[in-house]
$ cat data_17.txt   # compact mmCIF, C-alpha atoms and all ligand atoms
# COMPACT_ATOMS: atom_id res chain seq x y z
CA MET A 1 110.93 62.79 110.96
CA ALA A 2 111.15 64.49 107.55
CA THR A 3 113.16 62.84 104.80
CA SER A 4 113.98 64.15 101.36
CA GLU A 5 112.66 62.37 98.28
CA ARG A 6 111.37 62.69 94.71
CA ILE A 7 107.78 61.68 94.00
CA VAL A 8 106.12 61.39 90.57
CA ASP A 9 102.38 60.72 90.69
CA GLU A 10 99.97 59.27 88.10
CA ASN A 11 99.23 62.78 86.67
CA GLY A 12 102.86 63.41 85.99
CA ASP A 13 103.16 65.90 88.84
CA ILE A 14 106.64 65.91 90.30
CA TYR A 15 107.54 66.67 93.89
CA GLU A 16 111.03 67.04 95.16
CA GLY A 17 111.72 67.87 98.78
CA GLU A 18 111.00 66.97 102.35
CA THR A 19 108.32 64.37 103.11
CA HIS A 20 106.67 62.82 106.12
CA GLU A 21 105.19 59.35 105.82
CA GLY A 22 105.44 59.58 102.04
CA VAL A 23 103.70 62.94 101.50
CA PRO A 24 105.20 66.42 100.94
CA HIS A 25 105.86 67.97 104.31
CA GLY A 26 108.45 70.69 105.01
CA THR A 27 110.22 72.48 102.17
CA GLY A 28 109.99 71.37 98.57
CA ILE A 29 109.24 72.06 94.92
CA TYR A 30 106.10 70.89 93.12
CA GLU A 31 105.85 70.90 89.31
CA PHE A 32 102.47 70.32 87.68
CA GLY A 33 102.46 67.68 84.94
CA ASP A 34 99.35 69.02 83.17
CA GLY A 35 101.36 71.19 80.77
CA SER A 36 100.31 74.41 82.51
CA GLY A 37 103.91 75.16 83.39
CA GLN A 38 102.96 75.87 87.00
CA ARG A 39 105.53 75.35 89.68
CA TYR A 40 105.33 75.83 93.45
CA ALA A 41 108.36 76.29 95.66
CA GLY A 42 107.92 76.64 99.39
CA GLN A 43 106.45 75.07 102.48
CA PHE A 44 104.18 71.99 102.62
CA MET A 45 102.11 70.34 105.31
CA ASN A 46 100.51 66.92 104.89
CA GLY A 47 100.78 67.14 101.10
CA ALA A 48 99.31 70.66 100.77
CA PHE A 49 100.93 74.05 100.12
CA HIS A 50 101.07 75.50 103.60
CA GLY A 51 103.21 78.31 104.97
CA ALA A 52 105.34 80.60 102.81
CA GLY A 53 105.60 79.72 99.14
CA ALA A 54 105.64 80.97 95.57
CA MET A 55 103.50 79.60 92.73
CA ARG A 56 104.69 80.65 89.31
CA GLY A 57 103.42 79.91 85.85
CA PRO A 58 102.89 81.58 82.50
CA GLY A 59 100.68 84.64 82.98
CA ALA A 60 100.37 84.47 86.77
CA SER A 61 102.43 84.27 89.92
CA TYR A 62 101.63 84.35 93.63
CA GLU A 63 104.14 84.79 96.38
CA GLY A 64 103.04 84.75 99.98
CA GLN A 65 101.31 82.73 102.64
CA TRP A 66 99.30 79.50 102.08
CA HIS A 67 96.92 77.54 104.25
CA GLN A 68 95.84 74.04 103.21
CA ALA A 69 96.58 74.72 99.52
CA ALA A 70 94.76 78.09 99.46
CA ARG A 71 96.20 81.61 99.37
CA HIS A 72 95.69 82.73 102.94
CA GLY A 73 97.47 85.45 104.92
CA SER A 74 99.47 88.10 103.11
CA GLY A 75 100.70 87.69 99.57
CA THR A 76 101.06 89.21 96.13
CA LEU A 77 99.31 87.93 93.01
CA GLU A 78 100.41 89.23 89.61
CA ARG A 79 98.64 88.40 86.35
CA THR A 80 99.36 89.21 82.72
CA LEU A 81 96.18 89.84 80.76
CA GLY A 82 95.46 88.99 77.14
CA ASP A 83 96.28 92.53 76.03
CA GLY A 84 99.71 92.31 77.64
CA THR A 85 98.88 94.58 80.59
CA THR A 86 99.35 93.35 84.14
CA THR A 87 97.31 93.40 87.33
CA ARG A 88 98.77 93.13 90.79
CA TYR A 89 97.19 92.64 94.19
CA ALA A 90 99.42 92.87 97.25
CA GLY A 91 97.59 92.33 100.50
CA GLU A 92 95.60 90.02 102.69
CA TRP A 93 93.94 86.75 101.57
CA ARG A 94 91.47 84.28 103.00
CA ASN A 95 90.56 80.96 101.36
CA ASN A 96 92.04 82.02 98.02
CA LYS A 97 90.10 85.32 97.97
CA LYS A 98 91.21 88.88 98.57
CA HIS A 99 90.15 89.58 102.13
CA GLY A 100 91.38 92.47 104.29
CA LYS A 101 93.61 95.38 103.31
CA GLY A 102 95.53 95.43 100.06
CA GLU A 103 96.81 97.46 97.14
CA TRP A 104 95.44 96.90 93.64
CA THR A 105 97.35 97.98 90.53
CA ASP A 106 96.26 97.74 86.91
CA ALA A 107 96.74 99.71 83.70
CA GLU A 108 94.55 102.52 85.09
CA GLY A 109 96.68 103.09 88.19
CA SER A 110 96.66 101.82 91.73
CA TYR A 111 94.70 102.20 94.93
CA HIS A 112 94.58 100.89 98.45
CA GLY A 113 91.39 99.15 99.49
CA VAL A 114 89.62 96.79 101.82
CA TRP A 115 88.21 93.53 100.43
CA GLY A 116 85.77 91.00 101.84
CA ASP A 117 85.46 87.51 100.29
CA GLY A 118 86.99 88.77 97.07
CA ASN A 119 84.83 91.90 96.73
CA LEU A 120 86.08 95.46 97.14
CA THR A 121 84.39 96.96 100.23
CA HIS A 122 85.86 100.46 99.93
CA LYS A 123 88.89 102.25 98.58
CA GLU A 124 91.45 103.69 100.94
CA CYS A 125 93.98 106.48 100.73
CA ARG A 126 97.34 106.97 102.32
CA ALA A 127 97.24 109.42 105.19
CA ILE A 128 99.14 110.52 108.26
CA MET A 129 97.32 108.75 111.08
CA VAL A 130 97.94 110.07 114.59
CA GLN A 131 97.16 107.24 117.03
CA SER A 132 98.22 109.06 120.20
CA PHE A 133 99.03 112.67 121.11
CA GLY A 134 102.73 113.51 121.25
CA GLY A 135 105.79 114.80 119.40
CA PRO A 136 106.55 114.56 115.67
CA GLU A 137 107.14 110.80 116.05
CA VAL A 138 103.35 110.22 116.32
CA LEU A 139 102.98 111.36 112.69
CA GLN A 140 102.88 107.89 111.12
CA MET A 141 101.93 107.02 107.56
CA GLY A 142 98.87 104.77 107.39
CA THR A 143 95.73 104.21 105.36
CA LYS A 144 92.07 105.11 105.87
CA ALA A 145 88.82 105.07 103.92
CA ILE A 146 88.71 107.83 101.31
CA PRO A 147 86.36 110.42 102.84
CA GLU A 148 83.20 110.96 100.77
CA PRO A 149 81.64 114.43 100.49
CA GLN A 150 78.27 114.91 102.18
CA GLU A 151 75.79 117.78 101.74
CA ALA A 152 77.58 121.02 100.70
CA GLN A 153 81.01 119.36 100.86
CA ILE A 154 83.80 118.91 98.34
CA GLN A 155 86.36 116.12 98.03
CA ILE A 156 89.90 117.10 97.01
CA HIS A 157 92.75 114.91 95.73
CA LEU A 158 95.55 116.72 97.53
CA ALA A 159 98.86 117.63 95.96
CA ALA A 160 100.21 119.67 98.89
CA SER A 161 99.43 120.20 102.54
CA GLY A 162 100.20 123.28 104.65
CA VAL A 163 101.66 122.99 108.16
CA ASN A 164 100.77 125.58 110.78
CA PRO A 165 101.64 125.99 114.48
CA SER A 166 98.08 125.00 115.43
CA ASP A 167 98.66 121.61 113.76
CA THR A 168 101.44 121.03 116.27
CA TYR A 169 99.24 122.19 119.19
CA GLN A 170 96.60 119.65 118.09
CA ARG A 171 99.19 116.91 117.71
CA LEU A 172 100.51 117.55 121.23
CA GLY A 173 96.94 117.44 122.61
CA PRO A 174 96.84 117.41 126.43
CA LEU A 175 100.67 117.56 126.43
CA GLY A 176 100.75 120.94 124.68
CA PRO A 177 99.50 124.53 124.85
CA TRP A 178 95.90 123.52 124.09
CA ALA A 179 95.67 121.25 127.17
CA ALA A 180 93.14 123.59 128.75
CA MET A 181 91.01 123.70 125.57
CA PRO A 182 89.92 120.10 124.98
CA HIS A 183 87.17 121.26 122.61
CA LEU A 184 89.95 122.19 120.14
CA LEU A 185 91.45 118.68 120.23
CA PRO A 186 90.43 116.02 117.70
CA GLN A 187 89.31 112.49 118.46
CA ILE A 188 92.08 109.93 118.07
CA PRO A 189 92.98 108.59 115.55
CA PHE A 190 93.03 111.63 113.30
CA THR A 191 94.73 113.06 110.23
CA PRO A 192 96.24 116.52 110.86
CA GLY A 193 96.23 119.51 108.53
CA LYS A 194 93.78 122.30 107.80
CA ASP A 195 95.34 123.85 104.70
CA GLY A 196 95.94 122.13 101.40
CA ALA A 197 95.71 122.33 97.63
CA GLY A 198 94.85 119.89 94.89
CA VAL A 199 92.17 118.95 92.40
CA VAL A 200 88.44 118.50 93.03
CA THR A 201 87.49 114.82 92.68
CA ALA A 202 83.87 114.85 93.90
CA VAL A 203 81.20 117.45 94.65
CA GLY A 204 78.60 116.60 97.29
CA PRO A 205 74.88 117.24 96.93
CA GLY A 206 73.63 120.80 97.43
CA CYS A 207 76.88 122.54 96.52
CA SER A 208 76.41 126.01 95.05
CA SER A 209 79.97 127.34 94.69
CA GLY A 210 80.20 126.27 91.05
CA LEU A 211 83.42 124.31 91.66
CA GLN A 212 83.59 121.18 89.53
CA VAL A 213 85.50 117.92 89.32
CA GLY A 214 88.92 118.67 87.83
CA ASP A 215 89.19 122.25 89.17
CA ARG A 216 92.47 123.27 90.79
CA VAL A 217 91.68 124.51 94.29
CA TYR A 218 93.13 125.38 97.70
CA CYS A 219 91.35 124.88 100.99
CA ALA A 220 91.38 126.15 104.56
CA GLY A 221 89.96 124.24 107.49
CA ALA A 222 89.60 120.77 105.90
CA LEU A 223 87.16 118.56 107.81
CA THR A 224 89.19 115.36 107.49
CA GLY A 225 92.83 116.59 107.54
CA THR A 226 95.00 117.53 104.60
CA MET A 227 98.00 115.32 105.38
CA ALA A 228 96.44 112.64 103.21
CA GLU A 229 95.86 111.82 99.57
CA TYR A 230 92.22 112.92 99.87
CA CYS A 231 90.27 115.27 102.13
CA VAL A 232 86.74 116.59 102.40
CA CYS A 233 85.92 120.25 103.11
CA ASN A 234 82.87 122.43 103.54
CA GLU A 235 82.48 123.98 100.10
CA ARG A 236 82.70 127.50 101.59
CA THR A 237 86.32 126.78 102.60
CA VAL A 238 87.41 125.71 99.09
CA TYR A 239 88.63 128.32 96.60
CA PRO A 240 89.83 128.26 92.97
CA LEU A 241 93.62 128.17 92.66
CA PRO A 242 94.86 130.53 89.93
CA ALA A 243 96.88 128.81 87.20
CA ALA A 244 99.93 130.94 88.06
CA MET A 245 100.05 129.50 91.58
CA SER A 246 101.59 126.14 92.43
CA PHE A 247 99.83 123.65 94.70
CA GLU A 248 102.56 124.26 97.30
CA GLN A 249 101.82 127.99 97.26
CA GLY A 250 98.09 127.32 97.48
CA ALA A 251 98.58 125.11 100.53
CA CYS A 252 100.24 128.04 102.35
CA VAL A 253 97.38 130.50 101.88
CA GLY A 254 94.57 129.40 104.21
CA VAL A 255 95.48 129.81 107.88
CA PRO A 256 98.41 132.27 107.51
CA CYS A 257 96.78 134.71 105.07
CA ALA A 258 93.35 134.62 106.73
CA THR A 259 94.99 135.23 110.13
CA ALA A 260 97.09 138.09 108.79
CA TYR A 261 94.05 139.64 107.10
CA ARG A 262 91.94 139.34 110.24
CA ALA A 263 94.60 140.67 112.60
CA LEU A 264 95.91 143.47 110.41
CA LEU A 265 92.79 144.74 108.69
CA GLN A 266 89.67 143.45 110.45
CA ARG A 267 90.85 143.72 114.07
CA GLY A 268 93.80 146.12 113.75
CA GLY A 269 92.09 148.38 111.20
CA ALA A 270 95.41 149.24 109.51
CA THR A 271 94.99 151.99 106.95
CA ASN A 272 97.00 153.77 104.32
CA GLY A 273 99.96 155.72 105.75
CA GLU A 274 99.93 154.07 109.19
CA CYS A 275 103.09 152.57 110.71
CA VAL A 276 102.95 148.89 111.63
CA PHE A 277 105.48 146.81 113.56
CA ILE A 278 105.27 143.09 112.78
CA HIS A 279 107.01 141.20 115.57
CA GLY A 280 107.91 137.91 113.90
CA ALA A 281 107.51 138.95 110.26
CA SER A 282 109.59 136.08 108.86
CA GLY A 283 107.00 133.36 109.59
CA ALA A 284 103.92 132.42 107.61
CA VAL A 285 101.53 134.95 109.18
CA GLY A 286 104.19 137.67 109.39
CA LEU A 287 105.13 137.47 105.71
CA ALA A 288 101.47 137.57 104.68
CA ALA A 289 100.86 140.51 107.04
CA THR A 290 103.88 142.33 105.63
CA GLN A 291 102.60 141.98 102.08
CA LEU A 292 99.05 142.95 103.01
CA ALA A 293 100.19 145.97 105.03
CA ARG A 294 102.38 147.22 102.20
CA ALA A 295 99.56 146.71 99.72
CA GLU A 296 97.38 148.77 102.05
CA GLY A 297 99.94 151.58 101.95
CA CYS A 298 101.33 151.14 105.47
CA PHE A 299 104.92 151.79 106.54
CA VAL A 300 106.13 148.39 107.77
CA VAL A 301 108.94 147.48 110.11
CA GLY A 302 109.28 143.72 110.57
CA SER A 303 111.43 141.52 112.78
CA ALA A 304 113.19 138.24 111.98
CA GLY A 305 115.60 135.98 113.83
CA SER A 306 118.02 134.96 111.09
CA GLU A 307 119.69 136.34 107.98
CA ALA A 308 117.43 134.27 105.77
CA GLY A 309 114.42 135.60 107.71
CA VAL A 310 115.60 139.20 107.30
CA GLU A 311 115.93 138.66 103.55
CA ALA A 312 112.46 137.09 103.33
CA VAL A 313 110.86 140.03 105.15
CA LYS A 314 112.66 142.50 102.88
CA THR A 315 111.48 140.56 99.82
CA ALA A 316 107.91 140.69 101.18
CA GLY A 317 108.22 144.47 100.98
CA ALA A 318 108.98 145.68 104.53
CA ASN A 319 110.41 149.20 104.72
CA ALA A 320 112.86 148.11 107.45
CA VAL A 321 113.79 144.85 109.16
CA VAL A 322 115.33 144.28 112.61
CA ASN A 323 116.67 141.08 114.15
CA HIS A 324 114.75 140.06 117.26
CA ARG A 325 117.68 137.92 118.42
CA GLN A 326 119.89 141.00 118.76
CA GLU A 327 120.03 143.26 121.83
CA GLY A 328 118.17 146.59 121.46
CA TYR A 329 116.18 145.59 118.37
CA LEU A 330 113.02 147.35 119.55
CA GLU A 331 114.93 150.63 119.79
CA GLU A 332 116.24 149.90 116.33
CA ALA A 333 112.70 149.42 115.06
CA LYS A 334 111.63 152.79 116.47
CA ALA A 335 114.76 154.38 115.02
CA ALA A 336 113.88 153.01 111.58
CA LEU A 337 110.58 154.77 111.91
CA ARG A 338 112.12 158.09 112.97
CA ALA A 339 114.63 157.87 110.14
CA ALA A 340 111.89 157.54 107.57
CA GLU A 341 110.86 160.88 106.21
CA GLY A 342 107.46 162.09 107.30
CA GLN A 343 106.83 159.16 109.67
CA PRO A 344 105.60 159.70 113.25
CA SER A 345 107.65 158.47 116.18
CA GLY A 346 105.36 155.62 117.23
CA PHE A 347 103.68 152.58 115.70
CA ALA A 348 99.92 152.73 115.22
CA LEU A 349 99.72 148.93 115.33
CA VAL A 350 101.88 146.04 116.52
CA LEU A 351 101.24 142.44 115.36
CA GLU A 352 102.61 139.88 117.80
CA MET A 353 103.51 136.32 116.62
CA THR A 354 104.76 134.67 119.78
CA GLY A 355 101.57 133.23 121.26
CA THR A 356 100.17 129.71 121.13
CA TRP A 357 96.63 130.55 120.08
N1 LIG A 401 94.59 132.56 116.38
C1 LIG A 401 94.77 132.12 115.15
O1 LIG A 401 93.81 131.90 114.43
C2 LIG A 401 96.15 131.91 114.63
C3 LIG A 401 96.31 131.51 113.30
C4 LIG A 401 97.60 131.35 112.82
C5 LIG A 401 98.70 131.56 113.64
N2 LIG A 401 98.51 131.90 114.93
C6 LIG A 401 99.67 132.13 115.81
O2 LIG A 401 100.49 133.13 115.23
C7 LIG A 401 101.85 132.86 115.48
C8 LIG A 401 102.64 132.87 114.15
O3 LIG A 401 102.20 131.82 113.32
P1 LIG A 401 103.06 131.44 112.02
O4 LIG A 401 102.30 130.45 111.25
O5 LIG A 401 103.52 132.68 111.34
O6 LIG A 401 104.33 130.73 112.71
P2 LIG A 401 105.79 130.58 112.14
O7 LIG A 401 105.78 130.47 110.65
O8 LIG A 401 106.43 129.51 112.93
O9 LIG A 401 106.49 131.96 112.49
C9 LIG A 401 106.84 132.33 113.81
C10 LIG A 401 107.42 133.73 113.78
O10 LIG A 401 107.74 134.12 115.12
C11 LIG A 401 109.09 134.60 115.10
N3 LIG A 401 109.70 134.47 116.42
C12 LIG A 401 110.19 133.35 117.01
N4 LIG A 401 110.70 133.65 118.21
C13 LIG A 401 110.51 134.99 118.40
C14 LIG A 401 110.84 135.89 119.41
N5 LIG A 401 111.44 135.49 120.54
N6 LIG A 401 110.49 137.19 119.27
C15 LIG A 401 109.87 137.62 118.16
N7 LIG A 401 109.55 136.79 117.12
C16 LIG A 401 109.87 135.51 117.27
C17 LIG A 401 109.77 133.78 114.04
O11 LIG A 401 110.97 134.41 113.58
P3 LIG A 401 112.32 133.61 113.26
O12 LIG A 401 111.96 132.21 112.99
O13 LIG A 401 112.91 134.32 112.08
O14 LIG A 401 113.14 133.77 114.52
C18 LIG A 401 108.69 133.81 112.96
O15 LIG A 401 108.71 135.04 112.28
C19 LIG A 401 101.89 131.51 116.20
O16 LIG A 401 102.02 131.78 117.58
C20 LIG A 401 100.54 130.90 115.91
O17 LIG A 401 100.12 130.06 116.95
C21 LIG A 401 97.26 132.10 115.43
$ encode --input "data_17.txt" --output "structure tokens"
Amino acid sequence: MATSERIVDENGDIYEGETHEGVPHGTGIYEFGDGSGQRYAGQFMNGAFHGAGAMRGPGASYEGQWHQAARHGSGTLERTLGDGTTTRYAGEWRNNKKHGKGEWTDAEGSYHGVWGDGNLTHKECRAIMVQSFGGPEVLQMGTKAIPEPQEAQIQIHLAASGVNPSDTYQRLGPLGPWAAMPHLLPQIPFTPGKDGAGVVTAVGPGCSSGLQVGDRVYCAGALTGTMAEYCVCNERTVYPLPAAMSFEQGACVGVPCATAYRALLQRGGATNGECVFIHGASGAVGLAATQLARAEGCFVVGSAGSEAGVEAVKTAGANAVVNHRQEGYLEEAKAALRAAEGQPSGFALVLEMTGTW
């Protein structure tokens, strides 16, 4: 049975706390008598630090798990260096050495990593890690190895990630609209996101785009998912981001603008003076299509389902906007066309936004 006592040994070390058969065992405080100023408060077993405990002293402190007097389990070690700066490791330990996952912080910044026997094995980044297909609740923050660029690939430190309907179809997997297209579904676990924007941090061998470390860029079709601190892309899907554009704007370009361009101009063949109806103009693709169609010289009627959507479509340049949640809106769209001077009675092209492809 544990009793409580005060022990002073021949080195001047002082123990005060629970003991078993004369040795520290249970909860107690141990003060070193060597003048180092070190003090341990926590759990003991058979005279050794064991369990949860904190060792503090000038210039260093550790708070966490112990096993037979060694840091072992999870814990945080903070040190103050000679120049006054501090280092901090919060993570897993084994036999007094960093071992497992942890976060390192020093004057240069911080990073997540994996250590083995005290040595850094690889750095990690924070990322959304989808461990099973499902609803938004499967989007969980986790960590993974920072992806390294291979031949003709570029690594980006992301500042913003775009979200598109296809990201949700992927996330739903066999439970969603892409159930019949398993070749479009990623292997689990995965990080979602095709579009993003950030700064180039590494250029793989054999790249010829001329993009360099430090360049502001946006990407479309990232290979490793953009809902992460870092991603890797084929260099042909990475483009310079003009200084006037924010990272958030850049992250919205890839899928929506490419889709609008392909549908409106490459497949639809819209040309100057034609009338285009954009059914669902208030979304990402619709707004891009509205702007592109107007730039092409088309007469554009767009639809939206809310007041804010109507305003957004107007701002994008549409000649007229109807509300697709109101009865008779298609007639209204045709009427807008007839009312416009010199416009024919029908639309040459209709872009439809209500599919799941
Ligand atoms: N094949 C491809 O490569 C590809 C690429 C990108 C997108 N897509 C598809 O294109 C569609 C649009 O994508 P997005 O990124 O623009 O999506 P989004 O931002 O969610 O926009 C959806 C649009 O559809 C409108 N809408 C919703 N219900 C409607 C209804 N009953 N009738 C008419 N319009 C309606 C919305 O208007 P309100 O919200 O104002 O009601 C909004 O304008 C999606 O179906 C997506 O899967 C395909």
$ residues_near_ligand --input "data_17.txt" --ligand "ligand LIG 401 (chain A)" --cutoff "10 Å" --atoms "all atoms listed in the file" --output "count of residues only"
52
$ residues_around --input "data_17.txt" --residues "A:Gly113" --least-positions-apart "3" --cutoff "7 Å" --atoms "all atoms listed in the file" --output "ChimeraX atom specification"
/A:101-103,120,122-124
$ atom_distance --input "data_17.txt" --atom1 "atom CA of A:Cys231" --atom2 "atom CA of A:Pro147"
6.3 Å
$ residues_around --input "data_17.txt" --residues "A:Arg94" --least-positions-apart "4" --cutoff "8 Å" --atoms "all atoms listed in the file" --output "NGL selection string"
:A and (70-73 or 98-99 or 117)
$ atom_distance --input "data_17.txt" --atom1 "atom CA of A:Thr80" --atom2 "atom CA of A:Ala52"
22.7 Å
$ closest_residue --input "data_17.txt" --among "A:Glu235, A:Glu248, A:Glu16, A:Asp9" --to "A:Gln150" --atoms "all atoms listed in the file"
A:Glu235
$ atom_distance --input "data_17.txt" --atom1 "atom CA of A:Asn119" --atom2 "atom CA of A:Ala41"
28.3 Å
$ closest_residue --input "data_17.txt" --among "A:Glu21, A:Glu151, A:Glu341, A:Glu10" --to "A:Asn319" --atoms "all atoms listed in the file"
A:Glu341
$ axis_aligned_box --input "data_17.txt" --around "stretch 80-93 of chain A" --padding-each-side "8 Å" --output "lines of an AutoDock Vina configuration file"
center_x = 96.8
center_y = 90.7
center_z = 89.4
size_x = 21.8
size_y = 23.8
size_z = 42.7
$ residues_around --input "data_17.txt" --residues "stretch 297-299 of chain A" --least-positions-apart "4" --cutoff "10 Å" --atoms "all atoms listed in the file" --output "number ranges by chain"
A: 270-277, 290-293, 317-320, 337, 340, 343, 347-348
$ build_atoms --input "data_17.txt" --residues "stretch 306-323 of chain A" --atoms "N, CA and C atoms" --output "PDB file, in the frame of the given file"
ATOM      1  N   SER A 306     116.878 135.524 111.819  1.00  0.00           N
ATOM      2  CA  SER A 306     118.020 134.960 111.090  1.00  0.00           C
ATOM      3  C   SER A 306     118.243 135.809 109.835  1.00  0.00           C
ATOM      4  N   GLU A 307     119.394 135.587 109.215  1.00  0.00           N
ATOM      5  CA  GLU A 307     119.690 136.340 107.980  1.00  0.00           C
ATOM      6  C   GLU A 307     118.691 135.997 106.895  1.00  0.00           C
ATOM      7  N   ALA A 308     118.384 134.696 106.801  1.00  0.00           N
ATOM      8  CA  ALA A 308     117.430 134.270 105.770  1.00  0.00           C
ATOM      9  C   ALA A 308     116.055 134.906 106.041  1.00  0.00           C
ATOM     10  N   GLY A 309     115.697 134.989 107.340  1.00  0.00           N
ATOM     11  CA  GLY A 309     114.420 135.600 107.710  1.00  0.00           C
ATOM     12  C   GLY A 309     114.395 137.082 107.353  1.00  0.00           C
ATOM     13  N   VAL A 310     115.512 137.770 107.631  1.00  0.00           N
ATOM     14  CA  VAL A 310     115.600 139.200 107.300  1.00  0.00           C
ATOM     15  C   VAL A 310     115.400 139.398 105.799  1.00  0.00           C
ATOM     16  N   GLU A 311     116.051 138.550 105.018  1.00  0.00           N
ATOM     17  CA  GLU A 311     115.930 138.660 103.550  1.00  0.00           C
ATOM     18  C   GLU A 311     114.493 138.417 103.106  1.00  0.00           C
ATOM     19  N   ALA A 312     113.839 137.410 103.723  1.00  0.00           N
ATOM     20  CA  ALA A 312     112.460 137.090 103.330  1.00  0.00           C
ATOM     21  C   ALA A 312     111.518 138.252 103.637  1.00  0.00           C
ATOM     22  N   VAL A 313     111.739 138.910 104.781  1.00  0.00           N
ATOM     23  CA  VAL A 313     110.860 140.030 105.150  1.00  0.00           C
ATOM     24  C   VAL A 313     111.090 141.219 104.223  1.00  0.00           C
ATOM     25  N   LYS A 314     112.355 141.425 103.853  1.00  0.00           N
ATOM     26  CA  LYS A 314     112.660 142.500 102.880  1.00  0.00           C
ATOM     27  C   LYS A 314     111.962 142.222 101.553  1.00  0.00           C
ATOM     28  N   THR A 315     112.081 140.933 101.107  1.00  0.00           N
ATOM     29  CA  THR A 315     111.480 140.560  99.820  1.00  0.00           C
ATOM     30  C   THR A 315     109.960 140.743  99.858  1.00  0.00           C
ATOM     31  N   ALA A 316     109.374 140.516 101.054  1.00  0.00           N
ATOM     32  CA  ALA A 316     107.910 140.690 101.180  1.00  0.00           C
ATOM     33  C   ALA A 316     107.518 142.159 101.125  1.00  0.00           C
ATOM     34  N   GLY A 317     108.527 143.056 101.191  1.00  0.00           N
ATOM     35  CA  GLY A 317     108.220 144.470 100.980  1.00  0.00           C
ATOM     36  C   GLY A 317     108.375 145.373 102.189  1.00  0.00           C
ATOM     37  N   ALA A 318     108.865 144.852 103.319  1.00  0.00           N
ATOM     38  CA  ALA A 318     108.980 145.680 104.530  1.00  0.00           C
ATOM     39  C   ALA A 318     109.906 146.875 104.263  1.00  0.00           C
ATOM     40  N   ASN A 319     109.571 148.016 104.886  1.00  0.00           N
ATOM     41  CA  ASN A 319     110.410 149.200 104.720  1.00  0.00           C
ATOM     42  C   ASN A 319     111.709 149.064 105.509  1.00  0.00           C
ATOM     43  N   ALA A 320     111.644 148.340 106.647  1.00  0.00           N
ATOM     44  CA  ALA A 320     112.860 148.110 107.450  1.00  0.00           C
ATOM     45  C   ALA A 320     112.695 146.786 108.190  1.00  0.00           C
ATOM     46  N   VAL A 321     113.832 146.135 108.464  1.00  0.00           N
ATOM     47  CA  VAL A 321     113.790 144.850 109.160  1.00  0.00           C
ATOM     48  C   VAL A 321     114.806 144.880 110.297  1.00  0.00           C
ATOM     49  N   VAL A 322     114.403 144.396 111.473  1.00  0.00           N
ATOM     50  CA  VAL A 322     115.330 144.280 112.610  1.00  0.00           C
ATOM     51  C   VAL A 322     115.412 142.812 113.008  1.00  0.00           C
ATOM     52  N   ASN A 323     116.473 142.476 113.739  1.00  0.00           N
ATOM     53  CA  ASN A 323     116.670 141.080 114.150  1.00  0.00           C
ATOM     54  C   ASN A 323     116.299 140.931 115.622  1.00  0.00           C
TER      55      ASN A 323
END
